[in-house]
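Quick notes on the structure that follows.
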Amino acid sequence: MNSLIRSEAVLPDRRRTFEAMIEEFLCSQDVRPSSCATYRREIRAFFSWLDVNKAETLTDEDILRFKRSLDERGLSSLTITNYLVAVRKFFAWTETKGYYPNVAKTIKGAKRTKGFRKDPLTPEQVKGLLAEIDRTTPEGKRDYALVNLFIRTGLRTIEVIRANAGDIRQQGGDALLYIQGKGRDGKDEFVLLTEATLRPIREYLASRKAVKDEEPLFVSLSNRNGGERLSTRSLRRIVKNRLRGIEIEDKRITAHSLRHTAITLSLLGGATIQEAQALARHADINTTLVYAHNINRVANAPERKIDSMLGD
């Protein structure tokens with residue numbers, strides 16, 4: 001094995017050797033198919049980086065250089081950490097199998113920045129955003145229902161993409177949208193659709209005519225893939241375009257900002273931390289507490305007290 005790894009001349013053989021080990025590693029993991037595909041992509045990215053940089057050896061220094069390259073690409077700390085976790089898992093497995101020492105065991109994930117990477121909209125911006133959308137066109141009906149759903153329920157992008165028309169169900173006189181949440185295998189979580197949330201969705205679905213339960217809740221209207229489920233990229237582009245409509249062009253305000261907006265508005269509206277946690281479906285209440293801290297920090301800013309002491 002060492003002869004395959006230490007010589008640049010046998011780089012192709014080394015790559016084939018590790019490709020076989022990657023597949024064996026993935027077969028040994030008790031994870032969902034989607035997680036398996038993510039591991040494969042992230043581990044292959046590391047070995048592709050090795051090929052491009054013509055690394056003659058494979059040491060912990062190579063892992064560190066790979067980590068720096070991810071940071072130079074401008075990836076988020078969470079994304080960088082995900083790559084490193086996959087690589088660490090792989091080499092921990094190669095060591096237990098006696099294939100290759102764990103050269104990644106001392107490498108730590110990227111430090112996460114304090115707070116959130118995306119900003120919420122203000123209530124005034126939300127009202128302006130919704131008012132700007134022309135609801136007389138098929139595209140406007142879809143985009144209004146989509147943006148309004150985000151803002152009033154705090155759904156994640158992938159949860160909206162996965163939603164089907166038949167996932168809207170009635171229970172005790174209320175409309176619920178069942179969703180496949182983060183890290184879930186099935187649609188066993190739900191959000192409440194108030195009348196203000198449900199009405200635009202009904203108007204949009206009516207414009208599509210005879211929508212079947214198994215069809216996507218939101219679909220593309222493009223000539224190339226009209227009627228197909230929206231992709232993550234398409235959904236983000238829709239939100240960005242609508243934000244530009246009210247002259248918001250900010251890297252910190254994206255489709256994910258609408259989720260932050262919903263959680264923030266719920267707290268501003270009087271929801272308890274526990275109620276906001278239920279809305280956001282945060283596994284750790286400390287994540288929800290960050291929202292409350294940010295609100296309280298601004299509302300009770302000591303900077304204002306300094307001004308009052310100085311009479312300014």
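For the structure tokens, the naming scheme is as follows: chains receive sequential letters (A, B, ...) according to their order of presentation, residues are indexed from 1 within each chain, and ligands are indexed from 1 in presentation order.
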Item to complete: Just the residues within 10 Å of Leu268 (chain A), please, counting only C-alpha atoms, with nothing from its chain fewer than 6 positions along; format it as a PyMOL selection string.
Response: chain A and resi 123+262+292+295-296
Item to complete: Just the strand (DSSP E) stuff from region 24-199 of chain A, please, per backbone DSSP, written as a ChimeraX atom specification.
Response: /A:168-171,174-179,189-193
Using only C-alpha atoms, find each residue in region 72-159 of chain A having at least one atom no more than 9 Å away from region 23-36 of chain A; report its shortest atom-to-atom pair and that distance in Å (one decimal), rows by chain then rising number, as CSV.
residue,atom,partner,partner_atom,distance
A:Phe90,CA,A:Phe25,CA,6.8
A:Trp93,CA,A:Phe25,CA,7.0
A:Thr94,CA,A:Phe25,CA,8.0
Could you take the residues named above and write them with N, CA and C atoms, as a PDB file, in the first residue's frame?
ATOM      1  N   PHE A  90     -13.653   8.566   6.881  1.00  0.00           N
ATOM      2  CA  PHE A  90     -13.066   7.634   5.922  1.00  0.00           C
ATOM      3  C   PHE A  90     -11.723   7.089   6.419  1.00  0.00           C
ATOM      4  N   TRP A  93     -11.891   4.794   9.319  1.00  0.00           N
ATOM      5  CA  TRP A  93     -12.282   3.455   8.855  1.00  0.00           C
ATOM      6  C   TRP A  93     -11.097   2.727   8.223  1.00  0.00           C
ATOM      7  N   THR A  94     -10.285   3.418   7.404  1.00  0.00           N
ATOM      8  CA  THR A  94      -9.133   2.758   6.762  1.00  0.00           C
ATOM      9  C   THR A  94      -8.146   2.254   7.813  1.00  0.00           C
TER      10      THR A  94
END
Item to complete: Write out as a ChimeraX atom specification which residues come within 9 Å of Arg142 (chain A) when counting only C-alpha atoms, dropping same-chain ones fewer than 2 positions away.
Response: /A:135,137-140,144-147,200-201,203-205,218-219
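Residue nearest Ile63 (chain A) within the list A:Gly109, A:Ala255, A:Lys187, A:Phe18: A:Gly109 [criterion: smallest interatomic distance, only C-alpha atoms].
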